[in-house]
Each structure stands twice: as C-alpha cells, then as structure tokens.
Amino acid sequence: MNSPNPALVTQRAAQRLPRLALLLFCAAYVMPGVFGRDPWKNADVAAFGHMAAIAEGRAGWFSPALAGLPADGALVPYWLGALFIKALPWLDPALAARIPFALLLVAVLMLTWYASYHLARTEAAQPLPFAFGGEATPVDYARAIADGALLAVMATLGLLQLGHETTPELVQLTGASMFLYALAAAPFRRSRSRVAALLSLPLMAASGAPAIATVLAIVGTAICGRSAYAQVRRTAWWIAAAGVIALALGTALSAWAWRVAGLAGLNPLTTARLLLWFGWPAWPLALWTLWRWRGHLLHRHIAVPLGITLSAIGACLAMGGSDRALMLGVPSLAVLAAFALPTLQRSASAAIDWFSVFFFSLCALAIWVIYAAMQTGAPAKPAANVVRLAPEFHPSFSAFALAIAIAGTLAWVWLVRWRTGRHRHPLWKSLVLPAGGVAMCWLLLMTLWLPLLDHARSYRPLLVRIAELVPRDACIAAPQMPRALLAALEAMGRYRVDAITPAATSPCEFLIVAGNERPGMPQIEGWKPVARVQRPTDRNDFTLVYRRADLVQPAR
C-alpha cells in the first residue's frame, strides 16, 4: 500500500512564474560570460584550440589535434565550435565558438523545465485533493513545479562556471538533460521521448562520455521496464537501443578512456567539500524530497531523477572526485529539489530566504567595493590586494558594463523587496532568491570584474611575454607541455607548434619547457637559454624559452 501523498497545494500556490520574469532570469544567467573575454585555462582554452584548428584547416574533422597531439573521442563539441567559427567569420573566433555552447545551456534549462513538467503530471506526483475543493489543477501544479526546477538549476553553484565554458562536458550535460526529458515524457509524448532517447545517449558518447551513457541506458531501461504505464514499458526497448548505439559509437570514435581512479584515489575531505558546495542549494532540498516522498521512491517522478543523479555521483566518485562528471547530475538534482517545494514548512522557506538575502547581498557588496578600489584606489587595502594578486593588471572603465551592473543590482533589491513582502503563496517562491542571487553575482562578476578575471584566467599575458622573445611566424617545439598552453600558442598566439617531436630532433627554432621555482635555466643540449617567463598570476609555474644553439649569433 502506498504512503499518503505529502503534497498539499492550493490553486493559489500553483500560480506560475510570470514568463517575462522567467526569461529575464534566464538571460541574466546565460548571457554574462559569453562576450568580451578570452578562453580561460585549462579545459576552456584546450577545447577552443581544437575547434580553431579544425576551422582553420590545421586539423581534420575526424582527426582533431593540437600541435600534433590527437584529441580524445569528443568530436561533436569540436565540430560545433568549428562550424560556428567558419559560419561567422566576422566575429572573434572565441566568441563564435562560444555561441553554440550558450545555446546548449539554454537547451539544458528548457529540457529541465519540460522534464519536471511531465514528471509532475504523473498521477503519483499530484497533490492530494481537498475535501471541499480548491486544490491545484494538474497542469498548473506541473507548471509551478517546473518553474521551481528551472530556478533550482540556476541556483546551483557548481554549474555556474562549468556551464559557461566551451567544453565537451556541456554537450554531455545537454545529452543527460535530453535523456531526463526522454524518461519523463514517455507516458505523454511517445514519439518525442523515443527520439530524445535515441539522440541523447549517442550524443553523450560522441562527446567523450560513452561509459556514463551506457550506465544511464541500464538505469533508464530498468526504470521503464517496471513502469505501470504500458507505453513506457515499450519505451524500454528504445532506451536499450540508444545504449547499444552509444556503446558502438563510442567504440567507433575511440572515445573509451580509462578515467576510473578508484576509491583509493579519493580524498575524502576534498570530495565531501565538492559534494557540499557543488550542488548547493539543490542537494538539501533533494534530501528533503527523498524523506517526505519516501513512500514513493519507486514512482517515476522520484525514481527517474534519482537514478540519473546517483549515476552522476557514482561517476564523480569513480573518477576521483570529478566535478565535471558531477555536473551531469545537476538537472536531475534540480528536479528532485523541486518536489520538495510542496512539502516545505514556512520556517524552512524563511531560512532559505534570509540566508540568500544576507549571503548574496554581502557578495554583491564585496564585488562593488573591490570594483571601486580598482577604479579609484579607495579603499586602499582592497586596491593593494588586487595589485598583489594580479600583477601588471591595468583597470579599464566601461560605461556599458557599469550600467548593466547597476541595473542588475537594482533588480536584486527589487526582488528582495518583492519576496520579503506579502508574496508567500507561489510554490516556487523559496528558490527565487537563491536563483536571483546567483544570477546577480554572476552578472556583476562578468561586468565589473571581467577585465580582472580575464587577466587572471587567460593565457594572453603569457603570450605577450613570449611574443617579445619569439617571432609570430616561428616554429615552437613544446614536448610534454599542457594542452591548454599548446592551444593558446596555436589559436591565440598564431605560432606553429610541435608537441610530438623530441627536443633533440625537432626542426623548430624555439623550444619551451615547463619550469619551477628554482632560479636559473637547466642546460639542454643543442639549445641556448633565452628567458624564464610566467603568467603574472601564476607564482609557481614558469615557462622556459630556448633557441637552437646553431641559430644564435656569436657575440662580437
């Protein structure tokens, strides 16, 4: 016998979030970080290097490479970026490559909304009817839950930076969100759900995650196979077929790679810290969902997101605490969090609100104070800290960025005033301030602090130093150097880079090797030391530049 449904929702509480406000939320979350910056180290610039190499003809479409080093099997993300670079030649290549990934982030938000909507429409997820009527209608209730899930995705801290990069993991996240939608919509949208299943898992495999795609196929087949809906049980075969296609595609593209570190490679403290902050504030709400809906764990509105979330957590632990594997569970975790909303007590909702107000208001205040210090030199201590932590950084002023930041801050003040007023009824109210605070702080960082962050995270300052020593048309030997630096040298520095040939036999006239804190430069046979250079914000990493000894002019 099933436990009683814990959801008691009135029609007034099931009002949906105004669509204009929802669109503004999404725009404030997605658009900052797309414009006005270089690719950042490490994964962001490495992926961009592959895209630029394909677009410029320095690497093949089916054999992408950086400085001669072959890429992994994640072809689809590199194709996406390369196609947009070629299709938009008048744009900066980094911006052109970033556009499809911004659209993918929009797709993740949309798929999460529709998945939550369909799961909330199932019979087991519906709120209890009242004796004298007045309970929420199924469609309005489902919309309110879906709005809450969308806000939970935007409020999740771990997705903030990773979701704005041009990396294969964002394509994998899109595939995981599409698979979540496929399972959720199976009882209501037979054709769409099956097409989504056949697209989602192969997409993940072609983006470098065939193992996770295979695990999700097993989980999805098991959930659909025991469903009470006959149509969903028939969908299990389509899920299994998608898993087989993903497995075959991953093999054909050589996308299988052993990334399992095992439990012995886990640092318990670091992993616990990652799990704690990455999914905040969705994971406390998800745990509350599992407790309040504990008698319904096998119903699809809980089983579907729980199965995908546990798969992502398992992949994270197996890969030694990988945040990029954990990111694949963010949409399903947000869906679980949304089903906590009908069961939250007023005291818990108030605690979330006041924590959000104080935390994000303090963050915004800190961002503004440090921005003022960068522009005016006052307060003196924050200005001195910026100079110490970001040497050679020269602040620039943008009236447009300042206007956007002021507008975002005023919107936050209005949102706090709205939430602390008498608006206590909407089901999604408890996630408005967390999502709004994250969007506001991200907007401020990507406007007021963008030049500082670009200086700290980009390879541009290092390339400027290398350009003073190495001509732009030179060939650079760079064996055993990180892929991010190779990508920066090729795509941003416009150098010809060889990372395959050993230094002793390289035909290049210049050589770069990794250095350390020890002063001086070790002698390398056949090469003459030139200089030690470093990124201004990297205190411990040095790049040593050499020139072929037979090309050095003797002193007169």
# chains A, B, ... in the order shown; residues from 1 in each chain; ligands from 1
call {"tool": "residues_around", "arguments": {"residues": "range 195-209 of chain A", "least_positions_apart": "6", "cutoff": "7 Å", "atoms": "only C-alpha atoms", "output": "list of chain:residue names"}}
result
A:Gly73, A:Ala74, A:Leu75, A:Val76, A:Pro77, A:Pro168, A:Val171, A:Gln172, A:Gly175, A:Ala176, A:Met178, A:Phe179, A:Ala182, A:Ile239, A:Ala242, A:Gly243, A:Ile245, A:Ala246, A:Leu249, A:Gly250, A:Ala255
call {"tool": "write_last_selection", "arguments": {"atoms": "all heavy atoms", "output": "short mmCIF file (atom, residue, chain, number, x, y, z; two decimals), in the first residue's frame"}}
result
data_model
loop_
_atom_site.label_atom_id
_atom_site.label_comp_id
_atom_site.auth_asym_id
_atom_site.auth_seq_id
_atom_site.Cartn_x
_atom_site.Cartn_y
_atom_site.Cartn_z
N GLY A 73 37.95 11.24 -28.06
CA GLY A 73 36.86 10.94 -28.98
C GLY A 73 35.71 11.92 -28.96
O GLY A 73 34.66 11.63 -29.53
N ALA A 74 35.87 13.07 -28.33
CA ALA A 74 34.78 14.05 -28.22
C ALA A 74 34.70 14.89 -29.48
O ALA A 74 35.13 16.05 -29.49
CB ALA A 74 34.97 14.91 -26.98
N LEU A 75 34.16 14.34 -30.55
CA LEU A 75 34.16 15.04 -31.83
C LEU A 75 33.05 16.09 -31.92
O LEU A 75 33.27 17.18 -32.45
CB LEU A 75 34.00 14.04 -32.98
CG LEU A 75 35.17 13.08 -33.21
CD1 LEU A 75 34.89 12.20 -34.42
CD2 LEU A 75 36.46 13.84 -33.40
N VAL A 76 31.86 15.78 -31.43
CA VAL A 76 30.71 16.68 -31.61
C VAL A 76 30.97 18.08 -31.05
O VAL A 76 30.66 19.08 -31.72
CB VAL A 76 29.44 16.05 -30.99
CG1 VAL A 76 28.30 17.06 -30.98
CG2 VAL A 76 29.03 14.82 -31.78
N PRO A 77 31.52 18.22 -29.84
CA PRO A 77 31.77 19.59 -29.34
C PRO A 77 32.73 20.37 -30.23
O PRO A 77 32.53 21.58 -30.46
CB PRO A 77 32.37 19.36 -27.94
CG PRO A 77 31.92 17.99 -27.56
CD PRO A 77 31.86 17.22 -28.82
N PRO A 168 33.58 19.85 -23.92
CA PRO A 168 32.72 18.69 -24.22
C PRO A 168 31.72 18.38 -23.12
O PRO A 168 30.64 17.84 -23.39
CB PRO A 168 33.73 17.55 -24.40
CG PRO A 168 35.00 18.21 -24.82
CD PRO A 168 35.01 19.52 -24.08
N VAL A 171 28.21 19.65 -23.72
CA VAL A 171 27.45 18.83 -24.66
C VAL A 171 26.96 17.56 -23.96
O VAL A 171 25.83 17.11 -24.17
CB VAL A 171 28.30 18.48 -25.90
CG1 VAL A 171 27.46 17.70 -26.91
CG2 VAL A 171 28.84 19.74 -26.55
N GLN A 172 27.80 16.98 -23.11
CA GLN A 172 27.37 15.82 -22.33
C GLN A 172 26.20 16.19 -21.41
O GLN A 172 25.25 15.40 -21.25
CB GLN A 172 28.55 15.30 -21.49
CG GLN A 172 29.72 14.79 -22.30
CD GLN A 172 30.94 14.51 -21.43
OE1 GLN A 172 30.83 14.38 -20.22
NE2 GLN A 172 32.11 14.45 -22.05
N GLY A 175 23.12 16.19 -23.36
CA GLY A 175 22.66 14.83 -23.57
C GLY A 175 21.99 14.24 -22.33
O GLY A 175 20.95 13.58 -22.44
N ALA A 176 22.56 14.49 -21.15
CA ALA A 176 21.95 14.00 -19.91
C ALA A 176 20.59 14.65 -19.67
O ALA A 176 19.64 13.99 -19.22
CB ALA A 176 22.88 14.27 -18.73
N MET A 178 18.59 15.79 -22.03
CA MET A 178 17.69 15.23 -23.02
C MET A 178 17.23 13.83 -22.61
O MET A 178 16.07 13.45 -22.84
CB MET A 178 18.39 15.19 -24.38
CG MET A 178 17.47 14.90 -25.56
SD MET A 178 18.39 14.84 -27.12
CE MET A 178 19.08 16.50 -27.17
N PHE A 179 18.13 13.07 -22.01
CA PHE A 179 17.75 11.73 -21.53
C PHE A 179 16.76 11.84 -20.37
O PHE A 179 15.80 11.05 -20.29
CB PHE A 179 19.00 10.98 -21.08
CG PHE A 179 18.75 9.56 -20.66
CD1 PHE A 179 18.40 8.60 -21.58
CD2 PHE A 179 18.85 9.19 -19.33
CE1 PHE A 179 18.15 7.29 -21.20
CE2 PHE A 179 18.61 7.89 -18.93
CZ PHE A 179 18.25 6.94 -19.87
N ALA A 182 13.56 12.46 -21.97
CA ALA A 182 13.04 11.26 -22.64
C ALA A 182 12.32 10.36 -21.66
O ALA A 182 11.23 9.84 -21.95
CB ALA A 182 14.19 10.52 -23.33
N ILE A 239 15.20 2.72 -25.15
CA ILE A 239 16.30 3.13 -24.29
C ILE A 239 17.49 2.17 -24.44
O ILE A 239 18.65 2.59 -24.55
CB ILE A 239 15.85 3.18 -22.82
CG1 ILE A 239 14.68 4.16 -22.64
CG2 ILE A 239 17.02 3.56 -21.90
CD1 ILE A 239 15.02 5.59 -22.88
N ALA A 242 19.20 2.81 -27.69
CA ALA A 242 20.04 4.01 -27.61
C ALA A 242 21.36 3.70 -26.90
O ALA A 242 22.42 4.21 -27.28
CB ALA A 242 19.29 5.12 -26.89
N GLY A 243 21.29 2.84 -25.86
CA GLY A 243 22.52 2.46 -25.17
C GLY A 243 23.45 1.66 -26.06
O GLY A 243 24.68 1.86 -26.03
N ILE A 245 23.60 1.84 -29.36
CA ILE A 245 24.15 2.79 -30.33
C ILE A 245 25.27 3.62 -29.70
O ILE A 245 26.31 3.87 -30.31
CB ILE A 245 23.04 3.70 -30.89
CG1 ILE A 245 22.01 2.87 -31.67
CG2 ILE A 245 23.63 4.80 -31.77
CD1 ILE A 245 20.79 3.67 -32.10
N ALA A 246 25.04 4.08 -28.45
CA ALA A 246 26.06 4.86 -27.76
C ALA A 246 27.34 4.04 -27.56
O ALA A 246 28.46 4.55 -27.75
CB ALA A 246 25.52 5.35 -26.42
N LEU A 249 29.02 3.70 -30.96
CA LEU A 249 29.57 4.97 -31.41
C LEU A 249 30.82 5.33 -30.62
O LEU A 249 31.81 5.83 -31.19
CB LEU A 249 28.51 6.07 -31.26
CG LEU A 249 28.83 7.43 -31.88
CD1 LEU A 249 29.07 7.30 -33.37
CD2 LEU A 249 27.69 8.41 -31.62
N GLY A 250 30.79 5.09 -29.30
CA GLY A 250 31.98 5.36 -28.50
C GLY A 250 33.16 4.50 -28.93
O GLY A 250 34.31 4.97 -28.95
N ALA A 255 36.35 6.73 -28.18
CA ALA A 255 36.04 7.64 -27.07
C ALA A 255 36.20 6.97 -25.71
O ALA A 255 36.07 7.65 -24.69
CB ALA A 255 34.62 8.19 -27.21
#
call {"tool": "residues_around", "arguments": {"residues": "range 81-93 of chain A", "least_positions_apart": "6", "cutoff": "7 Å", "atoms": "only C-alpha atoms", "output": "list in words"}}
result
Met51, Ala52, Ile54, Ala55 and Pro100 of chain A
call {"tool": "atom_distance", "arguments": {"atom1": "CA of Arg494 in chain A", "atom2": "CA of Glu165 in chain A"}}
result
21.8 Å
call {"tool": "residues_around", "arguments": {"residues": "Trp113 in chain A", "least_positions_apart": "6", "cutoff": "10 Å", "atoms": "only C-alpha atoms", "output": "list of chain:residue names"}}
result
A:Ala107, A:Ala142, A:Arg143, A:Ala144, A:Ile145, A:Ala146, A:Asp147, A:Gly148, A:Ala149, A:Leu150, A:Leu151, A:Val153, A:Ser177, A:Tyr181, A:Pro331, A:Ala334, A:Val335
call {"tool": "select_by_dssp", "arguments": {"residues": "range 260-437 of chain A", "states": "helix (DSSP H, G or I)", "output": "JSON, numbers by chain"}}
result
{"A": [263, 264, 265, 268, 269, 270, 271, 272, 273, 274, 275, 276, 277, 278, 282, 283, 284, 285, 286, 287, 288, 289, 290, 291, 292, 294, 295, 296, 300, 301, 302, 303, 304, 305, 306, 307, 308, 309, 310, 311, 312, 313, 314, 315, 316, 317, 318, 323, 324, 325, 326, 327, 328, 329, 330, 331, 332, 333, 334, 335, 336, 337, 338, 341, 342, 343, 346, 347, 348, 349, 350, 351, 352, 353, 354, 355, 356, 357, 358, 359, 360, 361, 362, 363, 364, 365, 366, 367, 368, 369, 370, 371, 372, 373, 374, 375, 376, 380, 381, 382, 383, 384, 385, 386, 387, 388, 389, 399, 400, 401, 402, 403, 404, 405, 406, 407, 408, 409, 410, 411, 412, 413, 414, 415, 416, 417, 418, 419, 429, 430, 431, 432, 433, 434, 435, 436, 437]}
call {"tool": "write_last_selection", "arguments": {"atoms": "C-alpha atoms", "output": "compact mmCIF listing (two decimals), in the first residue's frame"}}
result
# COMPACT_ATOMS: atom_id res chain seq x y z
CA LEU A 263 38.12 4.77 -4.13
CA ALA A 264 41.80 4.63 -3.19
CA GLY A 265 42.36 7.79 -5.22
CA PRO A 268 37.50 12.15 1.48
CA LEU A 269 37.73 15.75 2.69
CA THR A 270 38.08 17.23 -0.79
CA THR A 271 35.30 15.05 -2.19
CA ALA A 272 32.96 15.91 0.69
CA ARG A 273 33.66 19.60 0.16
CA LEU A 274 32.92 19.22 -3.56
CA LEU A 275 29.63 17.44 -2.95
CA LEU A 276 28.70 20.04 -0.32
CA TRP A 277 29.16 23.20 -2.36
CA PHE A 278 28.69 21.96 -5.92
CA ALA A 282 19.62 21.85 -4.53
CA TRP A 283 21.00 18.93 -2.54
CA PRO A 284 19.41 19.82 0.85
CA LEU A 285 16.05 20.17 -0.89
CA ALA A 286 16.63 16.90 -2.76
CA LEU A 287 17.31 15.09 0.51
CA TRP A 288 14.14 16.59 1.94
CA THR A 289 12.26 15.30 -1.12
CA LEU A 290 13.57 11.78 -0.55
CA TRP A 291 12.45 11.92 3.07
CA ARG A 292 8.99 13.37 2.53
CA ARG A 294 10.00 8.12 0.94
CA GLY A 295 6.92 6.02 0.30
CA HIS A 296 7.04 6.95 -3.39
CA ARG A 300 8.73 7.73 -11.74
CA HIS A 301 8.65 11.36 -10.53
CA ILE A 302 11.23 10.32 -7.90
CA ALA A 303 12.86 7.26 -9.49
CA VAL A 304 13.79 8.97 -12.78
CA PRO A 305 15.72 11.97 -11.38
CA LEU A 306 17.12 9.87 -8.51
CA GLY A 307 18.52 7.25 -10.87
CA ILE A 308 20.28 9.85 -13.04
CA THR A 309 21.59 11.76 -10.02
CA LEU A 310 23.04 8.63 -8.42
CA SER A 311 24.68 7.71 -11.73
CA ALA A 312 26.38 11.11 -11.89
CA ILE A 313 27.52 10.89 -8.26
CA GLY A 314 28.87 7.39 -8.89
CA ALA A 315 30.80 8.60 -11.92
CA CYS A 316 32.18 11.50 -9.88
CA LEU A 317 33.43 9.17 -7.14
CA ALA A 318 34.82 6.63 -9.62
CA ASP A 323 33.34 17.96 -10.76
CA ARG A 324 32.69 17.64 -14.50
CA ALA A 325 31.14 14.20 -14.02
CA LEU A 326 29.08 15.52 -11.11
CA MET A 327 27.78 18.32 -13.33
CA LEU A 328 25.82 15.79 -15.38
CA GLY A 329 23.53 15.24 -12.41
CA VAL A 330 22.61 18.90 -11.87
CA PRO A 331 19.33 18.89 -13.92
CA SER A 332 18.04 15.71 -12.26
CA LEU A 333 19.10 17.01 -8.83
CA ALA A 334 17.14 20.20 -9.54
CA VAL A 335 14.06 18.15 -10.40
CA LEU A 336 14.34 16.31 -7.09
CA ALA A 337 14.73 19.64 -5.30
CA ALA A 338 11.58 20.99 -6.98
CA LEU A 341 8.67 22.72 -2.59
CA PRO A 342 5.09 21.46 -1.92
CA THR A 343 6.23 19.98 1.40
CA ARG A 346 7.17 28.11 6.30
CA SER A 347 10.14 28.21 8.72
CA ALA A 348 12.38 26.33 6.25
CA SER A 349 11.33 28.62 3.42
CA ALA A 350 12.09 31.68 5.55
CA ALA A 351 15.52 30.30 6.46
CA ILE A 352 16.37 29.85 2.76
CA ASP A 353 15.20 33.38 2.02
CA TRP A 354 17.15 35.11 4.77
CA PHE A 355 20.30 33.12 4.11
CA SER A 356 20.07 34.07 0.43
CA VAL A 357 19.48 37.73 1.20
CA PHE A 358 22.46 38.03 3.53
CA PHE A 359 24.87 35.84 1.56
CA PHE A 360 24.29 37.28 -1.91
CA SER A 361 23.96 40.85 -0.67
CA LEU A 362 27.35 40.54 1.04
CA CYS A 363 28.82 39.03 -2.14
CA ALA A 364 27.43 41.90 -4.21
CA LEU A 365 28.78 44.44 -1.72
CA ALA A 366 32.25 42.85 -1.87
CA ILE A 367 32.21 42.90 -5.68
CA TRP A 368 31.25 46.60 -5.74
CA VAL A 369 33.83 47.57 -3.09
CA ILE A 370 36.67 45.85 -4.93
CA TYR A 371 35.50 47.34 -8.23
CA ALA A 372 35.60 50.82 -6.66
CA ALA A 373 39.08 50.06 -5.33
CA MET A 374 40.26 49.05 -8.80
CA GLN A 375 38.90 52.20 -10.39
CA THR A 376 39.73 54.79 -7.73
CA ALA A 380 43.29 51.27 -0.08
CA LYS A 381 43.52 47.72 1.28
CA PRO A 382 41.37 46.05 -1.41
CA ALA A 383 43.26 48.03 -4.05
CA ALA A 384 46.58 46.79 -2.64
CA ASN A 385 45.28 43.22 -2.64
CA VAL A 386 44.36 43.49 -6.32
CA VAL A 387 47.85 44.76 -7.14
CA ARG A 388 49.41 41.94 -5.14
CA LEU A 389 47.26 39.13 -6.54
CA ALA A 399 30.22 52.74 -19.01
CA PHE A 400 28.12 49.99 -20.62
CA ALA A 401 29.35 47.33 -18.18
CA LEU A 402 28.75 49.69 -15.27
CA ALA A 403 25.19 50.41 -16.43
CA ILE A 404 24.41 46.69 -16.74
CA ALA A 405 25.85 46.06 -13.26
CA ILE A 406 23.77 48.86 -11.74
CA ALA A 407 20.64 47.50 -13.41
CA GLY A 408 21.38 44.00 -12.09
CA THR A 409 21.91 45.30 -8.57
CA LEU A 410 18.67 47.31 -8.62
CA ALA A 411 16.84 44.23 -9.89
CA TRP A 412 18.19 42.27 -6.91
CA VAL A 413 17.00 44.96 -4.49
CA TRP A 414 13.54 44.87 -6.08
CA LEU A 415 13.49 41.06 -5.94
CA VAL A 416 14.37 41.07 -2.23
CA ARG A 417 11.68 43.64 -1.56
CA TRP A 418 9.14 41.58 -3.52
CA ARG A 419 9.99 38.34 -1.72
CA LYS A 429 8.93 31.30 -4.03
CA SER A 430 11.68 29.64 -1.95
CA LEU A 431 14.02 29.37 -4.96
CA VAL A 432 13.55 32.88 -6.34
CA LEU A 433 16.17 34.50 -4.11
CA PRO A 434 18.83 31.74 -4.47
CA ALA A 435 18.48 31.78 -8.27
CA GLY A 436 18.30 35.57 -8.40
CA GLY A 437 21.32 35.94 -6.14
call {"tool": "residues_around", "arguments": {"residues": "Arg518 in chain A", "least_positions_apart": "4", "cutoff": "10 Å", "atoms": "only C-alpha atoms", "output": "MDAnalysis selection string"}}
result
chainID A and resid 522 540 542
call {"tool": "atom_distance", "arguments": {"atom1": "CA of Thr156 in chain A", "atom2": "CA of Gly279 in chain A"}}
result
5.5 Å
call {"tool": "closest_residue", "arguments": {"among": "A:Phe510, A:Trp237, A:Trp79, A:Phe35", "to": "Leu450 in chain A", "atoms": "only C-alpha atoms"}}
result
A:Phe35
call {"tool": "residues_around", "arguments": {"residues": "Ile218 in chain A", "least_positions_apart": "5", "cutoff": "10 Å", "atoms": "only C-alpha atoms", "output": "ChimeraX atom specification"}}
result
/A:212-213,223,236,239-240,243
call {"tool": "closest_residue", "arguments": {"among": "A:Ala67, A:Leu427, A:Ala7, A:Val45", "to": "Arg460 in chain A", "atoms": "only C-alpha atoms"}}
result
A:Val45
call {"tool": "closest_residue", "arguments": {"among": "A:Leu448, A:Ala43, A:Ala59, A:Leu104", "to": "Pro482 in chain A", "atoms": "only C-alpha atoms"}}
result
A:Ala43
call {"tool": "closest_residue", "arguments": {"among": "A:Val545, A:Phe393, A:Leu444, A:Ala484", "to": "Glu468 in chain A", "atoms": "only C-alpha atoms"}}
result
A:Val545
call {"tool": "residues_around", "arguments": {"residues": "Glu525 in chain A", "least_positions_apart": "5", "cutoff": "10 Å", "atoms": "only C-alpha atoms", "output": "ChimeraX atom specification"}}
result
/A:503-504,548-549
call {"tool": "closest_residue", "arguments": {"among": "A:Pro451, A:Gly515, A:Pro502, A:Gly220", "to": "Gly33 in chain A", "atoms": "only C-alpha atoms"}}
result
A:Pro451
call {"tool": "residues_around", "arguments": {"residues": "Arg190 in chain A", "least_positions_apart": "6", "cutoff": "10 Å", "atoms": "only C-alpha atoms", "output": "PyMOL selection string"}}
result
chain A and resi 182+231-232+234-235
call {"tool": "atom_distance", "arguments": {"atom1": "CA of Pro395 in chain A", "atom2": "CA of Thr543 in chain A"}}
result
25.8 Å
call {"tool": "closest_residue", "arguments": {"among": "A:His299, A:His425, A:Arg457, A:Arg233", "to": "Ala124 in chain A", "atoms": "only C-alpha atoms"}}
result
A:His299
